[in-house]
file structure-v3.json (JSON, C-alpha atoms)
[["chain", "number", "residue", "atom", "x", "y", "z"],
["I", 1, "THR", "CA", -37.49, -1.58, 18.90],
["I", 2, "VAL", "CA", -37.20, -3.90, 15.93],
["I", 3, "ASP", "CA", -37.03, -2.39, 12.46],
["I", 4, "THR", "CA", -39.24, -4.62, 10.32],
["I", 5, "SER", "CA", -39.12, -2.49, 7.20],
["I", 6, "SER", "CA", -37.71, -4.02, 4.03],
["I", 7, "VAL", "CA", -34.15, -3.46, 2.96],
["I", 8, "SER", "CA", -33.90, -1.20, -0.06],
["I", 9, "VAL", "CA", -31.08, -1.67, -2.55],
["I", 10, "SER", "CA", -31.17, 0.91, -5.28],
["I", 11, "GLU", "CA", -29.37, 1.51, -8.55],
["I", 12, "VAL", "CA", -27.79, 4.91, -8.09],
["I", 13, "THR", "CA", -27.33, 5.62, -11.81],
["I", 14, "PRO", "CA", -30.02, 3.79, -13.80],
["I", 15, "ILE", "CA", -28.96, 2.15, -17.05],
["I", 16, "PRO", "CA", -31.25, 3.03, -19.97],
["I", 17, "SER", "CA", -33.41, 0.23, -21.33],
["I", 18, "PRO", "CA", -33.03, -1.22, -23.86],
["I", 19, "THR", "CA", -29.23, -1.07, -23.77],
["I", 20, "ASN", "CA", -26.27, -2.74, -25.37],
["I", 21, "ASN", "CA", -23.87, -1.50, -22.69],
["I", 22, "ASN", "CA", -21.74, -4.52, -21.82],
["I", 23, "ALA", "CA", -19.53, -2.62, -19.39],
["I", 24, "PRO", "CA", -21.69, -0.42, -17.16],
["I", 25, "SER", "CA", -20.65, 1.35, -13.98],
["I", 26, "TYR", "CA", -22.25, -0.06, -10.86],
["I", 27, "THR", "CA", -22.76, 1.55, -7.48],
["I", 28, "PHE", "CA", -24.15, -0.57, -4.65],
["I", 29, "HIS", "CA", -25.72, 1.12, -1.65],
["I", 30, "SER", "CA", -28.05, -0.21, 1.04],
["I", 31, "ASN", "CA", -30.22, 1.77, 3.45],
["I", 32, "LYS", "CA", -29.47, -0.83, 6.14],
["I", 33, "ALA", "CA", -26.32, -1.83, 8.00],
["I", 34, "GLY", "CA", -25.78, -4.87, 5.81],
["I", 35, "THR", "CA", -22.76, -6.45, 4.21],
["I", 36, "ILE", "CA", -21.71, -6.57, 0.57],
["I", 37, "THR", "CA", -20.18, -9.86, -0.61],
["I", 38, "TYR", "CA", -18.39, -10.53, -3.88],
["I", 39, "GLY", "CA", -18.19, -14.30, -4.07],
["I", 40, "ALA", "CA", -17.43, -14.71, -7.78],
["I", 41, "ALA", "CA", -15.33, -12.81, -10.29],
["I", 42, "VAL", "CA", -16.54, -9.32, -11.25],
["I", 43, "GLY", "CA", -15.70, -8.06, -14.74],
["I", 44, "GLY", "CA", -13.89, -11.27, -15.57],
["I", 45, "THR", "CA", -15.28, -11.51, -19.10],
["I", 46, "THR", "CA", -15.98, -7.84, -19.78],
["I", 47, "ALA", "CA", -14.54, -5.28, -17.40],
["I", 48, "LEU", "CA", -16.93, -2.93, -15.64],
["I", 49, "THR", "CA", -16.40, 0.75, -16.26],
["I", 50, "SER", "CA", -16.16, 1.34, -12.51],
["I", 51, "LEU", "CA", -17.29, -0.12, -9.22],
["I", 52, "ALA", "CA", -18.29, 1.66, -5.99],
["I", 53, "SER", "CA", -19.25, -0.28, -2.84],
["I", 54, "THR", "CA", -20.47, 1.26, 0.41],
["I", 55, "SER", "CA", -21.25, -0.61, 3.64],
["I", 56, "SER", "CA", -21.03, 0.50, 7.25],
["I", 57, "THR", "CA", -20.59, -3.15, 8.27],
["I", 58, "ASP", "CA", -18.27, -5.13, 5.96],
["I", 59, "ILE", "CA", -17.40, -5.53, 2.30],
["I", 60, "TYR", "CA", -16.31, -9.12, 1.65],
["I", 61, "LEU", "CA", -13.99, -9.74, -1.28],
["I", 62, "GLY", "CA", -13.78, -13.37, -2.33],
["I", 63, "ALA", "CA", -12.85, -13.14, -6.00],
["I", 64, "ASN", "CA", -11.02, -10.99, -8.53],
["I", 65, "ILE", "CA", -12.49, -7.66, -9.67],
["I", 66, "THR", "CA", -11.63, -6.01, -12.98],
["I", 67, "THR", "CA", -12.66, -2.53, -14.06],
["I", 68, "ALA", "CA", -11.73, -0.05, -16.75],
["I", 69, "GLY", "CA", -11.84, 2.73, -14.19],
["I", 70, "ASN", "CA", -12.08, 3.50, -10.49],
["I", 71, "GLN", "CA", -12.80, 1.06, -7.69],
["I", 72, "THR", "CA", -13.90, 2.50, -4.35],
["I", 73, "TYR", "CA", -14.57, 0.57, -1.16],
["I", 74, "THR", "CA", -16.25, 2.69, 1.50],
["I", 75, "GLY", "CA", -16.34, 0.69, 4.70],
["I", 76, "PRO", "CA", -14.27, -2.12, 6.26],
["I", 77, "VAL", "CA", -12.98, -4.65, 3.72],
["I", 78, "VAL", "CA", -12.52, -8.34, 4.56],
["I", 79, "LEU", "CA", -10.70, -10.79, 2.29],
["I", 80, "ASN", "CA", -12.36, -14.21, 1.98],
["I", 81, "ALA", "CA", -9.72, -15.43, -0.48],
["I", 82, "GLY", "CA", -6.65, -14.26, -2.30],
["I", 83, "VAL", "CA", -7.88, -11.36, -4.44],
["I", 84, "THR", "CA", -6.62, -9.39, -7.44],
["I", 85, "LEU", "CA", -8.07, -5.93, -8.06],
["I", 86, "ASN", "CA", -7.33, -4.59, -11.54],
["I", 87, "SER", "CA", -8.52, -1.09, -12.38],
["I", 88, "ASN", "CA", -6.36, -0.78, -15.48],
["I", 89, "SER", "CA", -8.28, -2.85, -18.01],
["I", 90, "GLY", "CA", -7.75, -1.29, -21.42],
["I", 91, "SER", "CA", -5.07, 0.98, -19.90],
["I", 92, "ALA", "CA", -7.79, 2.90, -18.08],
["I", 93, "ASN", "CA", -5.56, 3.86, -15.13],
["I", 94, "GLY", "CA", -8.39, 3.83, -12.62],
["I", 95, "ALA", "CA", -7.80, 4.55, -8.94],
["I", 96, "VAL", "CA", -8.38, 2.00, -6.17],
["I", 97, "ALA", "CA", -9.43, 3.51, -2.84],
["I", 98, "PHE", "CA", -10.20, 2.03, 0.58],
["I", 99, "SER", "CA", -11.83, 4.32, 3.14],
["I", 100, "SER", "CA", -11.40, 2.03, 6.13],
["I", 101, "THR", "CA", -9.56, -1.08, 7.32],
["I", 102, "VAL", "CA", -8.55, -4.16, 5.31],
["I", 103, "ASP", "CA", -8.22, -7.58, 6.96],
["I", 104, "SER", "CA", -8.23, -11.28, 6.23],
["I", 105, "TYR", "CA", -11.42, -13.07, 7.31],
["I", 106, "SER", "CA", -9.66, -15.29, 9.86],
["I", 107, "THR", "CA", -6.21, -16.24, 11.05],
["I", 108, "THR", "CA", -5.68, -17.77, 7.59],
["I", 109, "PRO", "CA", -3.99, -14.92, 5.71],
["I", 110, "TYR", "CA", -5.11, -14.00, 2.19],
["I", 111, "ALA", "CA", -3.11, -12.16, -0.45],
["I", 112, "LEU", "CA", -4.05, -8.84, -2.00],
["I", 113, "THR", "CA", -2.79, -7.84, -5.45],
["I", 114, "ILE", "CA", -3.65, -4.44, -6.93],
["I", 115, "SER", "CA", -2.77, -3.16, -10.40],
["I", 116, "SER", "CA", -3.90, 0.35, -11.31],
["I", 117, "GLY", "CA", -1.58, 1.62, -14.05],
["I", 118, "SER", "CA", -0.99, 5.27, -13.27],
["I", 119, "GLY", "CA", -4.09, 5.39, -11.07],
["I", 120, "ASN", "CA", -3.56, 6.01, -7.38],
["I", 121, "ILE", "CA", -3.90, 3.32, -4.73],
["I", 122, "GLY", "CA", -5.11, 4.61, -1.38],
["I", 123, "PHE", "CA", -5.46, 2.86, 1.99],
["I", 124, "THR", "CA", -6.93, 5.10, 4.66],
["I", 125, "GLY", "CA", -7.11, 2.67, 7.57],
["I", 126, "ALA", "CA", -4.97, -0.06, 9.07],
["I", 127, "ILE", "CA", -4.20, -3.19, 7.05],
["I", 128, "GLY", "CA", -4.12, -6.57, 8.81],
["I", 129, "SER", "CA", -4.69, -5.15, 12.29],
["I", 130, "ILE", "CA", -7.29, -7.83, 13.17],
["I", 131, "HIS", "CA", -6.11, -10.66, 10.90],
["I", 132, "ALA", "CA", -2.92, -10.23, 8.91],
["I", 133, "LEU", "CA", -2.82, -10.40, 5.12],
["I", 134, "ALA", "CA", -0.64, -12.76, 3.14],
["I", 135, "GLY", "CA", 1.50, -11.14, 0.44],
["I", 136, "MET", "CA", 0.62, -7.64, -0.71],
["I", 137, "SER", "CA", 1.64, -6.86, -4.29],
["I", 138, "LEU", "CA", 1.00, -3.29, -5.46],
["I", 139, "THR", "CA", 1.63, -1.82, -8.88],
["I", 140, "SER", "CA", 0.95, 1.87, -9.42],
["I", 141, "THR", "CA", 3.00, 4.51, -11.18],
["I", 142, "GLY", "CA", 0.81, 7.11, -9.50],
["I", 143, "THR", "CA", 0.77, 7.55, -5.72],
["I", 144, "THR", "CA", 0.29, 4.60, -3.39],
["I", 145, "THR", "CA", -0.71, 5.80, 0.08],
["I", 146, "LEU", "CA", -0.45, 3.56, 3.13],
["I", 147, "GLY", "CA", -2.40, 5.60, 5.64],
["I", 148, "GLY", "CA", -2.38, 3.14, 8.53],
["I", 149, "ALA", "CA", -0.20, 0.45, 10.05],
["I", 150, "VAL", "CA", 0.36, -2.62, 7.86],
["I", 151, "THR", "CA", 0.66, -6.25, 8.99],
["I", 152, "ALA", "CA", 1.20, -8.80, 6.24],
["I", 153, "ALA", "CA", 3.37, -11.72, 5.15],
["I", 154, "SER", "CA", 5.19, -9.52, 2.63],
["I", 155, "LEU", "CA", 4.88, -6.24, 0.78],
["I", 156, "VAL", "CA", 6.16, -5.24, -2.65],
["I", 157, "GLN", "CA", 5.69, -2.10, -4.71],
["I", 158, "ASN", "CA", 6.46, -3.30, -8.23],
["I", 159, "ALA", "CA", 6.36, 0.04, -10.04],
["I", 160, "THR", "CA", 9.68, 1.81, -10.59],
["I", 161, "THR", "CA", 8.08, 5.22, -11.09],
["I", 162, "GLY", "CA", 5.53, 7.04, -8.98],
["I", 163, "THR", "CA", 5.48, 7.36, -5.20],
["I", 164, "THR", "CA", 4.82, 5.14, -2.21],
["I", 165, "ALA", "CA", 3.70, 7.33, 0.70],
["I", 166, "ILE", "CA", 4.17, 5.60, 4.05],
["I", 167, "ASN", "CA", 2.00, 7.64, 6.40],
["I", 168, "GLY", "CA", 0.86, 5.02, 8.91],
["I", 169, "GLY", "CA", 4.03, 4.66, 10.94],
["I", 170, "THR", "CA", 4.55, 0.89, 10.96],
["I", 171, "ILE", "CA", 4.89, -1.86, 8.36],
["I", 172, "THR", "CA", 5.42, -5.31, 9.85],
["I", 173, "THR", "CA", 5.95, -8.41, 7.73],
["I", 174, "THR", "CA", 7.16, -11.92, 8.37],
["I", 175, "GLY", "CA", 8.66, -11.94, 4.87],
["I", 176, "THR", "CA", 10.34, -9.41, 2.65],
["I", 177, "GLN", "CA", 9.56, -5.76, 1.98],
["I", 178, "THR", "CA", 10.49, -4.29, -1.40],
["I", 179, "TYR", "CA", 10.07, -0.69, -2.52],
["I", 180, "ASN", "CA", 10.96, 0.06, -6.14],
["I", 181, "ASN", "CA", 9.76, 3.64, -6.54],
["I", 182, "LEU", "CA", 10.18, 6.90, -4.64],
["I", 183, "VAL", "CA", 9.28, 6.60, -0.95],
["I", 184, "THR", "CA", 7.97, 9.42, 1.22],
["I", 185, "LEU", "CA", 7.51, 9.29, 4.99],
["I", 186, "GLY", "CA", 4.53, 11.12, 6.46],
["I", 187, "ALA", "CA", 5.19, 9.98, 10.03],
["I", 188, "ALA", "CA", 7.92, 8.45, 12.15],
["I", 189, "THR", "CA", 8.25, 5.06, 10.50],
["I", 190, "THR", "CA", 9.31, 1.56, 11.56],
["I", 191, "LEU", "CA", 9.79, -1.19, 8.99],
["I", 192, "GLY", "CA", 10.17, -4.65, 10.49],
["I", 193, "THR", "CA", 10.59, -8.18, 9.14],
["I", 194, "THR", "CA", 11.17, -11.57, 10.71],
["I", 195, "ASN", "CA", 14.72, -12.28, 9.53],
["I", 196, "ASN", "CA", 13.92, -11.21, 5.97],
["I", 197, "ASN", "CA", 15.18, -8.54, 3.61],
["I", 198, "VAL", "CA", 14.10, -4.93, 3.28],
["I", 199, "SER", "CA", 15.08, -3.51, -0.11],
["I", 200, "PHE", "CA", 14.87, -0.11, -1.74],
["I", 201, "GLY", "CA", 15.40, -0.34, -5.50],
["I", 202, "SER", "CA", 17.56, 1.85, -7.69],
["I", 203, "ALA", "CA", 14.69, 4.34, -8.13],
["I", 204, "ALA", "CA", 13.58, 4.25, -4.48],
["I", 205, "THR", "CA", 14.85, 7.54, -3.11],
["I", 206, "ILE", "CA", 13.56, 8.28, 0.38],
["I", 207, "ASN", "CA", 12.15, 11.67, 1.41],
["I", 208, "GLY", "CA", 10.62, 13.03, 4.58],
["I", 209, "ALA", "CA", 11.58, 14.92, 7.72],
["I", 210, "GLN", "CA", 10.80, 11.88, 9.84],
["I", 211, "THR", "CA", 12.68, 9.11, 11.64],
["I", 212, "LEU", "CA", 13.07, 5.76, 9.91],
["I", 213, "ALA", "CA", 13.85, 2.60, 11.90],
["I", 214, "ILE", "CA", 14.40, -0.69, 10.06],
["I", 215, "THR", "CA", 14.77, -4.04, 11.82],
["I", 216, "ALA", "CA", 15.40, -7.11, 9.65],
["I", 217, "GLY", "CA", 16.92, -9.62, 12.05],
["I", 218, "THR", "CA", 19.26, -11.77, 9.97],
["I", 219, "GLY", "CA", 17.86, -10.29, 6.76],
["I", 220, "THR", "CA", 19.70, -7.68, 4.76],
["I", 221, "ILE", "CA", 18.80, -4.01, 4.31],
["I", 222, "THR", "CA", 19.56, -2.62, 0.86],
["I", 223, "TYR", "CA", 19.49, 1.02, -0.22],
["I", 224, "GLY", "CA", 19.80, 0.93, -3.99],
["I", 225, "ALA", "CA", 19.31, 4.61, -4.84],
["I", 226, "ALA", "CA", 22.62, 6.36, -5.47],
["I", 227, "VAL", "CA", 23.52, 9.77, -4.11],
["I", 228, "PRO", "CA", 24.37, 11.99, -7.10],
["I", 229, "ARG", "CA", 27.40, 14.30, -6.90],
["I", 230, "SER", "CA", 25.15, 17.32, -7.26],
["I", 231, "VAL", "CA", 23.82, 16.82, -3.75],
["I", 232, "ARG", "CA", 27.04, 15.71, -2.00],
["I", 233, "GLY", "CA", 29.39, 18.01, -0.15],
["I", 234, "SER", "CA", 33.12, 17.81, -0.70],
["I", 235, "SER", "CA", 33.45, 15.43, 2.26],
["I", 236, "GLY", "CA", 30.69, 13.16, 1.02],
["I", 237, "HIS", "CA", 28.14, 14.69, 3.35],
["I", 238, "CYS", "CA", 24.74, 15.70, 1.99],
["I", 239, "ASP", "CA", 24.87, 19.46, 2.31],
["I", 240, "ARG", "CA", 22.24, 20.54, -0.22],
["I", 241, "CYS", "CA", 19.34, 18.20, 0.37],
["I", 242, "HIS", "CA", 16.59, 17.49, 2.85],
["I", 243, "ARG", "CA", 18.04, 15.44, 5.66],
["I", 244, "LEU", "CA", 16.38, 12.28, 6.94],
["I", 245, "SER", "CA", 16.99, 11.06, 10.48],
["I", 246, "VAL", "CA", 17.65, 7.32, 10.38],
["I", 247, "LEU", "CA", 17.95, 4.71, 13.12],
["I", 248, "TYR", "CA", 20.45, 2.11, 11.99],
["I", 249, "PHE", "CA", 21.29, -1.19, 13.66],
["I", 250, "PRO", "CA", 24.91, -2.27, 13.01],
["I", 251, "PHE", "CA", 25.21, -6.03, 12.58],
["I", 252, "SER", "CA", 27.58, -6.34, 15.56],
["I", 253, "GLU", "CA", 25.54, -4.24, 17.98],
["I", 254, "THR", "CA", 22.12, -4.31, 19.59],
["I", 255, "THR", "CA", 21.97, -0.59, 20.41],
["I", 256, "PRO", "CA", 20.81, 1.53, 17.47],
["I", 257, "ARG", "CA", 22.80, 4.51, 16.26],
["I", 258, "ARG", "CA", 21.23, 7.57, 14.74],
["I", 259, "PHE", "CA", 22.44, 8.72, 11.36],
["I", 260, "SER", "CA", 21.74, 11.72, 9.20],
["I", 261, "ALA", "CA", 21.22, 10.72, 5.60],
["I", 262, "CYS", "CA", 20.60, 12.46, 2.33],
["I", 263, "ARG", "CA", 17.10, 12.39, 0.87],
["I", 264, "MET", "CA", 18.65, 10.07, -1.72],
["I", 265, "VAL", "CA", 20.00, 7.30, 0.45],
["I", 266, "ARG", "CA", 22.67, 4.69, -0.16],
["I", 267, "ALA", "CA", 24.00, 2.59, 2.67],
["I", 268, "PHE", "CA", 27.67, 3.55, 2.41],
["I", 269, "TRP", "CA", 26.81, 7.24, 2.35],
["I", 270, "LEU", "CA", 25.19, 7.17, 5.79],
["I", 271, "VAL", "CA", 27.06, 9.64, 8.00],
["I", 272, "GLU", "CA", 26.94, 9.33, 11.78],
["I", 273, "ASP", "CA", 25.79, 12.45, 13.67]]
call {"tool": "encode", "arguments": {"input": "structure-v3.json", "output": "structure tokens"}}
result
Amino acid sequence: TVDTSSVSVSEVTPIPSPTNNNAPSYTFHSNKAGTITYGAAVGGTTALTSLASTSSTDIYLGANITTAGNQTYTGPVVLNAGVTLNSNSGSANGAVAFSSTVDSYSTTPYALTISSGSGNIGFTGAIGSIHALAGMSLTSTGTTTLGGAVTAASLVQNATTGTTAINGGTITTTGTQTYNNLVTLGAATTLGTTNNNVSFGSAATINGAQTLAITAGTGTITYGAAVPRSVRGSSGHCDRCHRLSVLYFPFSETTPRRFSACRMVRAFWLVED
């Protein structure tokens, strides 16, 4: 049976006419299984108040999008180009949320940059599972949630406050991984690079009753968050904090050892079980 009825695209919240609103909120919704494509900049001259896009097929992002409020992408997202999503125009601190997967269009990887002020950044599905992303640069002093596995050229959380919640189990990059704010683990987690560095900044304490395995090849692994005296035992062990089970690969060995580490981790305070 062929559906020959016309596609209906409706304005969910009508804008009064006449109007002098130069920064309206837009919601796009189709009653068909069609795609939504952003081929040119959105909000480049005057930021939209918010943007909501829903498609059961694909949402194609091919240009930068700027809002003074929330951006929501309900459905699979595909990058046609390197894209910057800014939801913090005018210090609006809007959230950026993805309900499904995020991929590059083809084997050519594209970068994704998101800046949301104190607004949350949320990825529900896998990132780069079909076609990997290029560099991912995230800046949020709220909560950044990585809900699925991540495959990209590199990953950096620029904010030094807020939380990065790694709930998807695996982050794989060819390049570096950098975490500058508090990190929480919602699942057994593996961070892997191709001979590149994995770094936790001076504010990047690590919490979670999960295992953490890091493989960096010839790259270095840096834990920059100090262990304060208030949570150390007299022997240097962490006796008053949530323990984190860590798989650690000594440079001279190929067999991993398991360590018990304080929720605030620094490399030379790792204590072998």
call {"tool": "closest_residue", "arguments": {"input": "structure-v3.json", "among": "I:Thr190, I:Ser137, I:Asn70, I:Asn180", "to": "Ser202 (chain I)", "atoms": "only C-alpha atoms"}}
result
I:Asn180
call {"tool": "residues_around", "arguments": {"input": "structure-v3.json", "residues": "Ala95 (chain I)", "least_positions_apart": "2", "cutoff": "7 Å", "atoms": "all atoms listed in the file", "output": "list of chain:residue names"}}
result
I:Gly69, I:Asn70, I:Gln71, I:Ser87, I:Asn93, I:Ala97, I:Ser116, I:Gly119, I:Asn120, I:Ile121
call {"tool": "residues_around", "arguments": {"input": "structure-v3.json", "residues": "region 140-151 of chain I", "least_positions_apart": "6", "cutoff": "7 Å", "atoms": "all atoms listed in the file", "output": "PDB file with C-alpha atoms, keeping the file's coordinate frame"}}
result
ATOM      1  CA  SER I 115      -2.770  -3.160 -10.400  1.00  0.00           C
ATOM      2  CA  SER I 116      -3.900   0.350 -11.310  1.00  0.00           C
ATOM      3  CA  GLY I 117      -1.580   1.620 -14.050  1.00  0.00           C
ATOM      4  CA  SER I 118      -0.990   5.270 -13.270  1.00  0.00           C
ATOM      5  CA  GLY I 119      -4.090   5.390 -11.070  1.00  0.00           C
ATOM      6  CA  ASN I 120      -3.560   6.010  -7.380  1.00  0.00           C
ATOM      7  CA  ILE I 121      -3.900   3.320  -4.730  1.00  0.00           C
ATOM      8  CA  GLY I 122      -5.110   4.610  -1.380  1.00  0.00           C
ATOM      9  CA  PHE I 123      -5.460   2.860   1.990  1.00  0.00           C
ATOM     10  CA  THR I 124      -6.930   5.100   4.660  1.00  0.00           C
ATOM     11  CA  GLY I 125      -7.110   2.670   7.570  1.00  0.00           C
ATOM     12  CA  ALA I 126      -4.970  -0.060   9.070  1.00  0.00           C
ATOM     13  CA  ILE I 127      -4.200  -3.190   7.050  1.00  0.00           C
ATOM     14  CA  GLY I 128      -4.120  -6.570   8.810  1.00  0.00           C
ATOM     15  CA  SER I 129      -4.690  -5.150  12.290  1.00  0.00           C
ATOM     16  CA  ALA I 132      -2.920 -10.230   8.910  1.00  0.00           C
ATOM     17  CA  LEU I 133      -2.820 -10.400   5.120  1.00  0.00           C
ATOM     18  CA  ALA I 159       6.360   0.040 -10.040  1.00  0.00           C
ATOM     19  CA  THR I 161       8.080   5.220 -11.090  1.00  0.00           C
ATOM     20  CA  GLY I 162       5.530   7.040  -8.980  1.00  0.00           C
ATOM     21  CA  THR I 163       5.480   7.360  -5.200  1.00  0.00           C
ATOM     22  CA  THR I 164       4.820   5.140  -2.210  1.00  0.00           C
ATOM     23  CA  ALA I 165       3.700   7.330   0.700  1.00  0.00           C
ATOM     24  CA  ILE I 166       4.170   5.600   4.050  1.00  0.00           C
ATOM     25  CA  ASN I 167       2.000   7.640   6.400  1.00  0.00           C
ATOM     26  CA  GLY I 168       0.860   5.020   8.910  1.00  0.00           C
ATOM     27  CA  GLY I 169       4.030   4.660  10.940  1.00  0.00           C
ATOM     28  CA  THR I 170       4.550   0.890  10.960  1.00  0.00           C
ATOM     29  CA  ILE I 171       4.890  -1.860   8.360  1.00  0.00           C
ATOM     30  CA  THR I 172       5.420  -5.310   9.850  1.00  0.00           C
ATOM     31  CA  THR I 173       5.950  -8.410   7.730  1.00  0.00           C
TER      32      THR I 173
END
call {"tool": "atom_distance", "arguments": {"input": "structure-v3.json", "atom1": "CA of Thr45 (chain I)", "atom2": "CA of Tyr105 (chain I)"}}
result
26.7 Å
call {"tool": "residues_near_point", "arguments": {"input": "structure-v3.json", "point": "(16.1, -16.7, 10.9)", "cutoff": "9 Å", "atoms": "all atoms listed in the file", "output": "short mmCIF file (atom, residue, chain, number, x, y, z; two decimals) with C-alpha atoms, keeping the file's coordinate frame"}}
result
data_model
loop_
_atom_site.label_atom_id
_atom_site.label_comp_id
_atom_site.auth_asym_id
_atom_site.auth_seq_id
_atom_site.Cartn_x
_atom_site.Cartn_y
_atom_site.Cartn_z
CA THR I 194 11.17 -11.57 10.71
CA ASN I 195 14.72 -12.28 9.53
CA ASN I 196 13.92 -11.21 5.97
CA GLY I 217 16.92 -9.62 12.05
CA THR I 218 19.26 -11.77 9.97
CA GLY I 219 17.86 -10.29 6.76
#
call {"tool": "atom_distance", "arguments": {"input": "structure-v3.json", "atom1": "CA of Ala188 (chain I)", "atom2": "CA of Thr101 (chain I)"}}
result
20.5 Å
